[in-house]
file work-v5.cif (mmCIF, C-alpha atoms)
data_structure
#
loop_
_atom_site.label_atom_id
_atom_site.label_comp_id
_atom_site.auth_asym_id
_atom_site.auth_seq_id
_atom_site.Cartn_x
_atom_site.Cartn_y
_atom_site.Cartn_z
CA MET A 1 -25.95 -53.50 29.23
CA SER A 2 -24.61 -53.68 25.66
CA VAL A 3 -25.90 -50.17 24.97
CA TRP A 4 -24.06 -48.93 28.06
CA LEU A 5 -20.92 -50.80 26.96
CA GLU A 6 -21.05 -49.25 23.49
CA ASN A 7 -21.29 -45.77 25.03
CA THR A 8 -18.33 -46.13 27.37
CA ALA A 9 -15.34 -44.00 26.40
CA ILE A 10 -13.33 -47.07 25.41
CA GLY A 11 -16.20 -48.47 23.31
CA ILE A 12 -16.63 -45.19 21.47
CA TRP A 13 -12.90 -44.81 20.96
CA THR A 14 -12.46 -48.32 19.54
CA ARG A 15 -15.41 -47.90 17.18
CA GLU A 16 -15.24 -44.28 16.10
CA SER A 17 -11.69 -43.00 16.41
CA PRO A 18 -10.29 -42.30 12.94
CA SER A 19 -6.85 -43.22 14.32
CA ILE A 20 -5.08 -46.23 12.83
CA TRP A 21 -4.31 -47.17 16.45
CA ALA A 22 -7.97 -47.66 17.27
CA TYR A 23 -10.12 -50.30 15.54
CA PRO A 24 -7.59 -51.39 12.87
CA THR A 25 -4.77 -51.97 15.36
CA VAL A 26 -7.01 -53.70 17.90
CA LEU A 27 -8.25 -56.00 15.11
CA THR A 28 -4.70 -56.71 13.92
CA LEU A 29 -3.52 -57.50 17.44
CA HIS A 30 -6.49 -59.87 17.77
CA THR A 31 -5.26 -61.68 14.64
CA ILE A 32 -1.65 -61.85 15.90
CA GLY A 33 -2.85 -63.19 19.25
CA LEU A 34 -4.89 -65.81 17.41
CA GLY A 35 -1.85 -66.91 15.42
CA VAL A 36 0.30 -67.20 18.55
CA LEU A 37 -2.31 -68.93 20.75
CA VAL A 38 -3.68 -71.39 18.19
CA GLY A 39 -0.32 -71.81 16.44
CA ALA A 40 1.39 -72.85 19.69
CA ASN A 41 -1.48 -75.23 20.42
CA ALA A 42 -1.23 -76.72 16.93
CA ILE A 43 2.49 -77.52 17.43
CA ILE A 44 1.76 -79.61 20.52
CA ASP A 45 -1.34 -81.20 18.95
CA LEU A 46 0.53 -82.20 15.79
CA ARG A 47 3.38 -83.64 17.87
CA LEU A 48 0.87 -85.68 19.91
CA LEU A 49 -0.64 -86.97 16.66
CA GLY A 50 2.76 -88.46 15.83
CA PHE A 51 4.20 -85.83 13.51
CA ALA A 52 7.79 -84.65 14.10
CA PRO A 53 8.61 -87.60 16.43
CA ARG A 54 12.14 -86.22 16.94
CA LEU A 55 10.63 -83.26 18.77
CA PRO A 56 10.93 -83.97 22.54
CA LEU A 57 7.59 -83.10 24.18
CA PRO A 58 9.18 -81.64 27.36
CA SER A 59 11.15 -79.18 25.20
CA LEU A 60 7.83 -77.68 24.06
CA ALA A 61 6.88 -76.53 27.58
CA PRO A 62 7.82 -72.86 26.86
CA LEU A 63 5.02 -72.84 24.26
CA TYR A 64 2.54 -72.52 27.15
CA ARG A 65 4.02 -69.10 27.89
CA PHE A 66 3.38 -68.10 24.27
CA MET A 67 -0.19 -69.39 24.61
CA TRP A 68 -0.75 -67.25 27.71
CA VAL A 69 0.58 -64.16 25.94
CA GLY A 70 -1.61 -64.86 22.88
CA PHE A 71 -4.62 -65.49 25.09
CA ALA A 72 -4.04 -62.30 27.12
CA ILE A 73 -3.75 -60.22 23.92
CA ASN A 74 -6.96 -61.70 22.58
CA ALA A 75 -8.94 -61.43 25.81
CA ILE A 76 -8.09 -57.69 25.96
CA THR A 77 -8.53 -56.92 22.25
CA GLY A 78 -11.62 -59.16 22.14
CA ALA A 79 -13.18 -57.19 25.01
CA LEU A 80 -12.44 -53.94 23.18
CA LEU A 81 -13.95 -55.23 19.92
CA PHE A 82 -17.02 -56.42 21.82
CA ALA A 83 -17.39 -53.08 23.59
CA ALA A 84 -17.20 -51.28 20.25
CA ASN A 85 -20.19 -53.15 18.79
CA ALA A 86 -21.81 -54.80 21.81
CA THR A 87 -25.43 -54.46 20.65
CA THR A 88 -24.72 -56.21 17.33
CA LYS A 89 -22.37 -58.89 18.68
CA SER A 90 -24.49 -59.78 21.72
CA THR A 91 -27.37 -60.70 19.39
CA GLN A 92 -25.26 -62.89 17.08
CA PRO A 93 -25.65 -66.62 17.87
CA VAL A 94 -22.29 -67.31 16.16
CA PHE A 95 -20.59 -65.08 18.76
CA TYR A 96 -21.76 -67.39 21.56
CA VAL A 97 -20.74 -70.40 19.49
CA LYS A 98 -17.26 -68.86 19.23
CA LEU A 99 -17.05 -68.26 23.01
CA ALA A 100 -18.22 -71.82 23.73
CA LEU A 101 -15.65 -73.29 21.31
CA ILE A 102 -12.86 -71.23 22.92
CA ALA A 103 -13.95 -72.30 26.41
CA GLY A 104 -13.92 -75.94 25.31
CA ALA A 105 -10.56 -75.56 23.59
CA LEU A 106 -9.02 -74.01 26.72
CA VAL A 107 -10.25 -76.91 28.85
CA ILE A 108 -8.71 -79.38 26.36
CA THR A 109 -5.45 -77.38 26.33
CA GLY A 110 -5.28 -77.77 30.12
CA ALA A 111 -6.06 -81.50 29.88
CA ILE A 112 -3.32 -81.98 27.27
CA ARG A 113 -0.82 -80.12 29.43
CA ARG A 114 -1.58 -82.42 32.38
CA ALA A 115 -1.49 -85.54 30.16
CA VAL A 116 1.89 -84.55 28.71
CA ALA A 117 3.35 -83.67 32.13
CA SER A 118 2.39 -87.10 33.53
CA ASP A 119 3.77 -88.96 30.50
CA ARG A 120 7.44 -89.01 31.53
CA SER A 121 8.40 -91.74 29.09
CA SER A 122 8.12 -89.34 26.15
CA SER A 123 11.39 -87.65 27.12
CA GLN A 124 13.36 -90.88 27.06
CA GLN A 125 11.76 -92.26 23.92
CA PRO A 126 11.01 -89.32 21.66
CA ALA A 127 10.22 -91.62 18.73
CA ARG A 128 7.46 -93.44 20.61
CA PRO A 129 3.99 -92.46 19.43
CA ALA A 130 2.15 -90.47 22.07
CA VAL A 131 -0.43 -92.18 24.24
CA LEU A 132 -3.81 -92.79 22.68
CA SER A 133 -5.79 -90.53 25.00
CA ALA A 134 -3.43 -87.65 24.25
CA ARG A 135 -3.96 -88.25 20.52
CA ARG A 136 -7.70 -88.03 20.98
CA LEU A 137 -7.34 -84.81 22.96
CA ALA A 138 -5.12 -83.40 20.20
CA ILE A 139 -7.76 -84.07 17.55
CA VAL A 140 -10.47 -82.45 19.69
CA SER A 141 -8.15 -79.48 20.37
CA LEU A 142 -7.48 -78.92 16.65
CA ALA A 143 -11.20 -79.25 15.85
CA LEU A 144 -12.27 -76.78 18.57
CA TRP A 145 -9.66 -74.15 17.68
CA THR A 146 -10.46 -74.46 13.97
CA GLY A 147 -14.14 -74.10 14.82
CA ALA A 148 -13.43 -71.02 16.94
CA ILE A 149 -11.54 -69.40 14.04
CA ALA A 150 -14.39 -70.22 11.63
CA ALA A 151 -17.01 -68.84 14.03
CA GLY A 152 -14.97 -65.68 14.60
CA ARG A 153 -14.63 -65.09 10.88
CA LEU A 154 -18.32 -65.76 10.28
CA MET A 155 -19.23 -62.98 12.75
CA ALA A 156 -18.50 -60.60 9.88
CA TYR A 157 -20.97 -62.38 7.60
CA LEU A 158 -23.86 -63.75 9.66
CA MET B 1 -2.34 -52.35 -14.47
CA HIS B 2 -5.87 -50.92 -14.37
CA GLY B 3 -6.64 -52.45 -17.75
CA PHE B 4 -5.60 -55.81 -16.37
CA ALA B 5 -7.67 -55.32 -13.20
CA ALA B 6 -10.72 -54.32 -15.27
CA TRP B 7 -10.28 -57.34 -17.54
CA LEU B 8 -9.83 -59.68 -14.57
CA ALA B 9 -12.99 -58.34 -12.90
CA SER B 10 -14.93 -59.03 -16.12
CA THR B 11 -13.94 -62.70 -16.32
CA ALA B 12 -16.35 -65.50 -15.43
CA PRO B 13 -14.38 -66.73 -12.35
CA SER B 14 -14.35 -63.21 -10.90
CA ARG B 15 -18.12 -62.89 -11.33
CA ILE B 16 -18.69 -66.28 -9.74
CA ILE B 17 -16.50 -65.38 -6.71
CA VAL B 18 -18.22 -62.04 -6.13
CA GLY B 19 -21.69 -63.39 -6.98
CA SER B 20 -21.52 -66.26 -4.50
CA ARG B 21 -22.76 -65.77 -0.95
CA TRP B 22 -20.41 -68.34 0.55
CA ILE B 23 -17.18 -68.47 -1.54
CA TRP B 24 -15.73 -65.32 0.07
CA PRO B 25 -16.53 -66.23 3.73
CA VAL B 26 -15.28 -69.81 3.27
CA CYS B 27 -12.04 -68.56 1.71
CA GLU B 28 -11.64 -66.12 4.62
CA ILE B 29 -11.96 -68.97 7.12
CA VAL B 30 -9.38 -71.03 5.22
CA HIS B 31 -7.13 -67.93 4.94
CA PHE B 32 -7.17 -67.51 8.74
CA ILE B 33 -6.46 -71.20 9.37
CA GLY B 34 -3.55 -70.98 6.92
CA LEU B 35 -2.34 -67.83 8.66
CA THR B 36 -2.31 -69.68 11.97
CA LEU B 37 -0.23 -72.50 10.48
CA VAL B 38 2.31 -70.10 8.96
CA VAL B 39 2.62 -67.88 12.05
CA GLY B 40 2.55 -70.84 14.46
CA ILE B 41 4.75 -73.39 12.71
CA ALA B 42 7.17 -71.17 10.76
CA GLY B 43 7.21 -68.76 13.72
CA PHE B 44 8.22 -71.62 16.04
CA PHE B 45 11.16 -72.47 13.76
CA ASP B 46 12.12 -68.78 13.59
CA VAL B 47 11.98 -68.47 17.38
CA ARG B 48 14.33 -71.48 17.72
CA LEU B 49 16.67 -70.04 15.06
CA MET B 50 16.74 -66.82 17.08
CA GLY B 51 18.13 -68.83 20.01
CA PHE B 52 15.00 -69.24 22.13
CA MET B 53 13.58 -72.61 23.27
CA LYS B 54 17.06 -74.11 23.24
CA ARG B 55 15.91 -77.56 24.39
CA VAL B 56 14.38 -78.04 20.94
CA PRO B 57 16.81 -79.51 18.37
CA VAL B 58 16.70 -77.24 15.28
CA ALA B 59 16.23 -80.20 12.92
CA ALA B 60 13.23 -81.38 14.98
CA ALA B 61 11.61 -77.93 14.86
CA ARG B 62 11.99 -78.09 11.11
CA ASP B 63 10.12 -81.41 10.89
CA LEU B 64 6.80 -79.57 11.26
CA MET B 65 7.59 -77.23 8.35
CA PRO B 66 5.37 -79.12 5.84
CA PHE B 67 2.39 -77.80 7.83
CA ALA B 68 3.63 -74.23 7.43
CA ILE B 69 4.03 -74.83 3.69
CA ALA B 70 0.52 -76.29 3.57
CA GLY B 71 -0.74 -73.16 5.36
CA PHE B 72 1.08 -70.97 2.86
CA LEU B 73 -0.43 -72.86 -0.11
CA MET B 74 -3.91 -72.55 1.44
CA ASN B 75 -3.37 -68.82 1.73
CA PHE B 76 -1.92 -68.43 -1.72
CA ALA B 77 -4.96 -70.18 -3.23
CA THR B 78 -7.52 -68.26 -1.16
CA GLY B 79 -5.58 -64.99 -1.58
CA ALA B 80 -5.61 -65.49 -5.34
CA THR B 81 -9.38 -66.05 -5.10
CA PHE B 82 -9.81 -62.69 -3.33
CA PHE B 83 -7.63 -60.99 -5.94
CA VAL B 84 -9.51 -62.47 -8.89
CA GLY B 85 -12.82 -61.55 -7.21
CA LYS B 86 -12.06 -57.90 -6.49
CA PRO B 87 -8.80 -56.86 -8.19
CA ASP B 88 -9.54 -53.12 -7.78
CA GLN B 89 -9.56 -53.60 -4.03
CA TYR B 90 -5.88 -54.59 -4.11
CA ILE B 91 -4.15 -53.20 -7.18
CA ASP B 92 -4.27 -49.57 -5.92
CA ASN B 93 -3.93 -50.47 -2.27
CA LEU B 94 -0.68 -49.43 -0.59
CA ALA B 95 -1.19 -52.04 2.15
CA TRP B 96 -1.46 -54.79 -0.48
CA TRP B 97 1.83 -53.81 -2.09
CA ALA B 98 3.45 -53.68 1.34
CA LYS B 99 2.08 -57.17 1.99
CA VAL B 100 3.51 -58.43 -1.31
CA PHE B 101 6.86 -56.82 -0.43
CA CYS B 102 6.89 -58.63 2.94
CA LEU B 103 6.03 -61.92 1.18
CA VAL B 104 8.93 -61.47 -1.26
CA LEU B 105 11.22 -60.60 1.65
CA ALA B 106 10.13 -63.74 3.56
CA GLY B 107 10.70 -65.86 0.44
CA ALA B 108 14.12 -64.37 -0.34
CA ASN B 109 15.15 -64.77 3.30
CA ALA B 110 14.09 -68.45 3.30
CA MET B 111 16.00 -69.01 0.06
CA PHE B 112 19.08 -67.34 1.57
CA PHE B 113 18.75 -69.63 4.61
CA GLU B 114 18.47 -72.77 2.48
CA THR B 115 21.49 -71.92 0.33
CA THR B 116 23.81 -70.58 3.05
CA VAL B 117 23.46 -70.81 6.85
CA GLY B 118 20.75 -73.50 6.79
CA ALA B 119 23.04 -76.52 6.53
CA ARG B 120 25.03 -75.43 9.59
CA ALA B 121 21.99 -74.28 11.60
CA ILE B 122 20.18 -77.58 11.13
CA THR B 123 22.93 -79.43 13.02
CA VAL B 124 22.31 -77.36 16.16
CA GLY B 125 21.09 -79.82 18.78
CA ALA B 126 19.22 -79.60 22.07
CA GLY B 127 20.78 -77.13 24.50
CA GLU B 128 23.05 -75.56 21.86
CA ASP B 129 22.94 -71.96 20.73
CA THR B 130 22.41 -71.05 17.07
CA PRO B 131 25.05 -69.13 15.07
CA PRO B 132 24.56 -65.33 14.82
CA ALA B 133 23.70 -65.56 11.10
CA ALA B 134 20.87 -68.00 11.89
CA LYS B 135 19.58 -65.62 14.57
CA ILE B 136 19.39 -62.80 12.02
CA VAL B 137 17.65 -65.01 9.45
CA GLY B 138 15.13 -66.12 12.09
CA ALA B 139 14.40 -62.55 13.15
CA VAL B 140 14.00 -61.35 9.54
CA SER B 141 11.68 -64.27 8.81
CA LEU B 142 9.50 -63.65 11.85
CA ALA B 143 9.37 -59.90 11.17
CA SER B 144 8.46 -60.39 7.51
CA TRP B 145 5.66 -62.89 8.26
CA LEU B 146 4.26 -60.56 10.92
CA GLY B 147 4.49 -57.83 8.26
CA VAL B 148 2.46 -59.99 5.87
CA LEU B 149 -0.16 -60.46 8.60
CA TYR B 150 -0.13 -56.79 9.61
CA PHE B 151 -0.59 -55.38 6.12
CA GLY B 152 -3.08 -58.11 5.26
CA ARG B 153 -5.27 -57.20 8.22
CA MET B 154 -4.77 -53.49 7.46
CA LEU B 155 -5.91 -53.88 3.81
CA PRO B 156 -9.30 -52.24 4.48
CA TYR B 157 -7.79 -49.43 6.58
CA ILE B 158 -4.70 -48.23 4.73
CA GLY B 159 -5.00 -46.76 1.26
CA GLY B 160 -8.80 -46.53 1.38
CA ALA B 161 -9.41 -48.90 -1.55
CA PHE B 162 -12.20 -50.91 0.11
#

call {"tool": "encode", "arguments": {"input": "work-v5.cif", "output": "structure tokens"}}
result
Amino acid sequence: MSVWLENTAIGIWTRESPSIWAYPTVLTLHTIGLGVLVGANAIIDLRLLGFAPRLPLPSLAPLYRFMWVGFAINAITGALLFAANATTKSTQPVFYVKLALIAGALVITGAIRRAVASDRSSSQQPARPAVLSARRLAIVSLALWTGAIAAGRLMAYL
Amino acid sequence: MHGFAAWLASTAPSRIIVGSRWIWPVCEIVHFIGLTLVVGIAGFFDVRLMGFMKRVPVAAARDLMPFAIAGFLMNFATGATFFVGKPDQYIDNLAWWAKVFCLVLAGANAMFFETTVGARAITVGAGEDTPPAAKIVGAVSLASWLGVLYFGRMLPYIGGAF
């Protein structure tokens, strides 16, 4: 399966093309997507932890669009990077750790979105500290995304 | 320049950085977390300055800026570690100089904002549009930080110094 994937036209192109638009650009887009996806998450998490209390939570709703764009970029570029070196990556435990951390982080992101949407009071009282359960979710979110970044980076070393 | 790079590479800190199995990977992890804070938090402020996400008061978007500064300091420290470890990898690298240029541009742009249009822009409340000058400053900031990221990620691929 991974051998087949590596020998598809797109796998070969990503890995072997000398073009700057192949591997280097795919890798750079993966980093930009990471910044957008995790950065947008971090804004909401930090706000839920009580930082920037003047920031009205409902006004942050457009950040979910940024998250989707970042996630889409990284799902596509991630698939390309995997196809390029599928045999190596599929045998790296840290790769599966990364995928599990991302899956967990996405579930938490969804839970936070629902928690924020049901917490109407935050729009009237922006200075009020966010509800306790949302704070806990925010800490878990930050931990999972940080872990996913660490695991992704360690793929180059382990 | 090359004399300096050769001297730096011969120092004890440089040898420790390159000799360690874990210093480089750990610094890379921190560098990517810092990158996320800069792109996410400073980028959010830039996006608001550009006139998007109008329901966010500009002053409130700015309240998160200490986290972007923390991210920048993390990246300055870890970036300096990379440079001390392998100065030859950067000193001759066109991508590295382009990255430094983008950093200087981002810094100069932020300084321009603070000393000129910043005071007016910060009073822009929820639902209000930002002045044209603030939009330009926001766009230049976002572009220069993305430039820093782009040339940073391209370090091994442009210039062939790795």

call {"tool": "interface_residues", "arguments": {"input": "work-v5.cif", "of": "chain A", "to": "chain B", "cutoff": "8 Å", "atoms": "all atoms listed in the file", "output": "ChimeraX atom specification"}}
result
/A:20,24,27-28,31-32,34-36,38-40,42-43,51-56,59-60,62,146,149-150,153-154,157

call {"tool": "resolve_selection", "arguments": {"input": "work-v5.cif", "expression": "the PyMOL selection byres ((chain A and resi 70) around 7)", "output": "MDAnalysis selection string"}}
result
chainID A and resid 33:34 36:37 66:69 71:74

call {"tool": "residues_around", "arguments": {"input": "work-v5.cif", "residues": "Ile139 in chain A", "least_positions_apart": "5", "cutoff": "12 Å", "atoms": "only C-alpha atoms", "output": "list in words"}}
result
Asn41, Ala42, Ile44, Asp45, Leu46, Arg47, Leu48, Leu49, Gly50, Ala105, Ile108, Thr109, Ile112, Leu132, Ser133, Ala134, Leu144, Trp145 and Thr146 of chain A

call {"tool": "resolve_selection", "arguments": {"input": "work-v5.cif", "expression": "the PyMOL selection byres ((chain A and resi 79-87) around 8)", "output": "PyMOL selection string"}}
result
chain A and resi 2-3+5-6+8+10-15+23+26-27+75-78+88-91

call {"tool": "residues_around", "arguments": {"input": "work-v5.cif", "residues": "Ala61 in chain A", "least_positions_apart": "3", "cutoff": "9 Å", "atoms": "all atoms listed in the file", "output": "NGL selection string"}}
result
(:A and (57-58 or 64-65 or 113)) or (:B and (53))

call {"tool": "write_last_selection", "arguments": {"input": "work-v5.cif", "atoms": "C-alpha atoms", "output": "JSON list (two decimals), in the coordinates of the input"}}
result
[["chain", "number", "residue", "atom", "x", "y", "z"],
["A", 57, "LEU", "CA", 7.59, -83.10, 24.18],
["A", 58, "PRO", "CA", 9.18, -81.64, 27.36],
["A", 64, "TYR", "CA", 2.54, -72.52, 27.15],
["A", 65, "ARG", "CA", 4.02, -69.10, 27.89],
["A", 113, "ARG", "CA", -0.82, -80.12, 29.43],
["B", 53, "MET", "CA", 13.58, -72.61, 23.27]]

call {"tool": "resolve_selection", "arguments": {"input": "work-v5.cif", "expression": "the PyMOL selection byres ((chain B and resi 112) around 12)", "output": "PyMOL selection string"}}
result
chain B and resi 105-111+113-119+133-134+136-138+140-141

call {"tool": "axis_aligned_box", "arguments": {"input": "work-v5.cif", "around": "range 15-32 of chain B", "padding_each_side": "4 Å", "output": "JSON"}}
result
{"center_x": -14.9, "center_y": -66.5, "center_z": -1.3, "size_x": 23.6, "size_y": 17.0, "size_z": 28.1}

call {"tool": "atom_distance", "arguments": {"input": "work-v5.cif", "atom1": "CA of Asn93 in chain B", "atom2": "CA of Ala77 in chain B"}}
result
19.8 Å

call {"tool": "decode", "arguments": {"input": "work-v5.cif", "residues": "range 24-56 of chain A", "atoms": "N, CA and C atoms", "output": "mmCIF file, in the first residue's frame"}}
result
data_model
loop_
_atom_site.group_PDB
_atom_site.id
_atom_site.type_symbol
_atom_site.label_atom_id
_atom_site.label_comp_id
_atom_site.auth_asym_id
_atom_site.auth_seq_id
_atom_site.Cartn_x
_atom_site.Cartn_y
_atom_site.Cartn_z
ATOM 1 N N PRO A 24 9.461 21.512 -1.594
ATOM 2 C CA PRO A 24 9.632 22.706 -0.749
ATOM 3 C C PRO A 24 8.356 23.512 -0.576
ATOM 4 N N THR A 25 7.590 23.690 -1.652
ATOM 5 C CA THR A 25 6.368 24.497 -1.561
ATOM 6 C C THR A 25 5.280 23.755 -0.788
ATOM 7 N N VAL A 26 5.175 22.447 -1.012
ATOM 8 C CA VAL A 26 4.186 21.660 -0.273
ATOM 9 C C VAL A 26 4.485 21.746 1.223
ATOM 10 N N LEU A 27 5.770 21.648 1.578
ATOM 11 C CA LEU A 27 6.191 21.718 2.981
ATOM 12 C C LEU A 27 5.901 23.097 3.579
ATOM 13 N N THR A 28 6.161 24.139 2.784
ATOM 14 C CA THR A 28 5.915 25.502 3.270
ATOM 15 C C THR A 28 4.426 25.750 3.476
ATOM 16 N N LEU A 29 3.612 25.259 2.520
ATOM 17 C CA LEU A 29 2.159 25.416 2.676
ATOM 18 C C LEU A 29 1.660 24.670 3.917
ATOM 19 N N HIS A 30 2.293 23.518 4.203
ATOM 20 C CA HIS A 30 1.917 22.749 5.393
ATOM 21 C C HIS A 30 2.205 23.573 6.657
ATOM 22 N N THR A 31 3.294 24.328 6.627
ATOM 23 C CA THR A 31 3.654 25.170 7.781
ATOM 24 C C THR A 31 2.715 26.370 7.897
ATOM 25 N N ILE A 32 2.332 26.968 6.765
ATOM 26 C CA ILE A 32 1.391 28.096 6.792
ATOM 27 C C ILE A 32 0.032 27.620 7.308
ATOM 28 N N GLY A 33 -0.420 26.467 6.811
ATOM 29 C CA GLY A 33 -1.688 25.903 7.257
ATOM 30 C C GLY A 33 -1.677 25.642 8.761
ATOM 31 N N LEU A 34 -0.540 25.153 9.252
ATOM 32 C CA LEU A 34 -0.386 24.908 10.686
ATOM 33 C C LEU A 34 -0.531 26.208 11.472
ATOM 34 N N GLY A 35 0.129 27.248 10.994
ATOM 35 C CA GLY A 35 0.053 28.542 11.681
ATOM 36 C C GLY A 35 -1.367 29.071 11.730
ATOM 37 N N VAL A 36 -2.095 28.936 10.620
ATOM 38 C CA VAL A 36 -3.472 29.451 10.543
ATOM 39 C C VAL A 36 -4.405 28.613 11.427
ATOM 40 N N LEU A 37 -4.336 27.286 11.279
ATOM 41 C CA LEU A 37 -5.235 26.393 12.022
ATOM 42 C C LEU A 37 -4.986 26.466 13.530
ATOM 43 N N VAL A 38 -3.745 26.272 13.937
ATOM 44 C CA VAL A 38 -3.448 26.260 15.373
ATOM 45 C C VAL A 38 -3.479 27.678 15.946
ATOM 46 N N GLY A 39 -3.043 28.649 15.151
ATOM 47 C CA GLY A 39 -3.074 30.042 15.609
ATOM 48 C C GLY A 39 -4.502 30.496 15.910
ATOM 49 N N ALA A 40 -5.437 30.185 15.005
ATOM 50 C CA ALA A 40 -6.843 30.570 15.216
ATOM 51 C C ALA A 40 -7.422 29.856 16.438
ATOM 52 N N ASN A 41 -7.038 28.586 16.602
ATOM 53 C CA ASN A 41 -7.464 27.852 17.796
ATOM 54 C C ASN A 41 -6.928 28.501 19.066
ATOM 55 N N ALA A 42 -5.656 28.894 19.019
ATOM 56 C CA ALA A 42 -5.001 29.470 20.202
ATOM 57 C C ALA A 42 -5.698 30.754 20.647
ATOM 58 N N ILE A 43 -6.170 31.561 19.677
ATOM 59 C CA ILE A 43 -6.856 32.814 20.018
ATOM 60 C C ILE A 43 -8.080 32.522 20.877
ATOM 61 N N ILE A 44 -8.900 31.567 20.412
ATOM 62 C CA ILE A 44 -10.118 31.229 21.157
ATOM 63 C C ILE A 44 -9.772 30.588 22.499
ATOM 64 N N ASP A 45 -8.767 29.701 22.510
ATOM 65 C CA ASP A 45 -8.358 29.045 23.759
ATOM 66 C C ASP A 45 -7.882 30.079 24.787
ATOM 67 N N LEU A 46 -7.041 31.000 24.341
ATOM 68 C CA LEU A 46 -6.501 32.006 25.272
ATOM 69 C C LEU A 46 -7.628 32.891 25.814
ATOM 70 N N ARG A 47 -8.569 33.236 24.940
ATOM 71 C CA ARG A 47 -9.720 34.040 25.377
ATOM 72 C C ARG A 47 -10.541 33.280 26.427
ATOM 73 N N LEU A 48 -10.731 31.979 26.215
ATOM 74 C CA LEU A 48 -11.492 31.165 27.167
ATOM 75 C C LEU A 48 -10.756 31.037 28.496
ATOM 76 N N LEU A 49 -9.415 31.119 28.437
ATOM 77 C CA LEU A 49 -8.630 31.036 29.674
ATOM 78 C C LEU A 49 -8.659 32.350 30.454
ATOM 79 N N GLY A 50 -9.304 33.369 29.876
ATOM 80 C CA GLY A 50 -9.464 34.625 30.616
ATOM 81 C C GLY A 50 -8.568 35.753 30.139
ATOM 82 N N PHE A 51 -7.715 35.468 29.145
ATOM 83 C CA PHE A 51 -6.905 36.552 28.578
ATOM 84 C C PHE A 51 -7.776 37.397 27.646
ATOM 85 N N ALA A 52 -7.362 38.654 27.431
ATOM 86 C CA ALA A 52 -8.089 39.577 26.555
ATOM 87 C C ALA A 52 -9.596 39.566 26.826
ATOM 88 N N PRO A 53 -10.010 39.853 28.077
ATOM 89 C CA PRO A 53 -11.454 39.777 28.410
ATOM 90 C C PRO A 53 -12.319 40.756 27.621
ATOM 91 N N ARG A 54 -11.691 41.799 27.031
ATOM 92 C CA ARG A 54 -12.481 42.758 26.243
ATOM 93 C C ARG A 54 -12.878 42.204 24.877
ATOM 94 N N LEU A 55 -12.309 41.045 24.546
ATOM 95 C CA LEU A 55 -12.569 40.429 23.238
ATOM 96 C C LEU A 55 -13.891 39.665 23.305
ATOM 97 N N PRO A 56 -14.953 40.147 22.605
ATOM 98 C CA PRO A 56 -16.244 39.433 22.676
ATOM 99 C C PRO A 56 -16.149 38.086 21.955
#
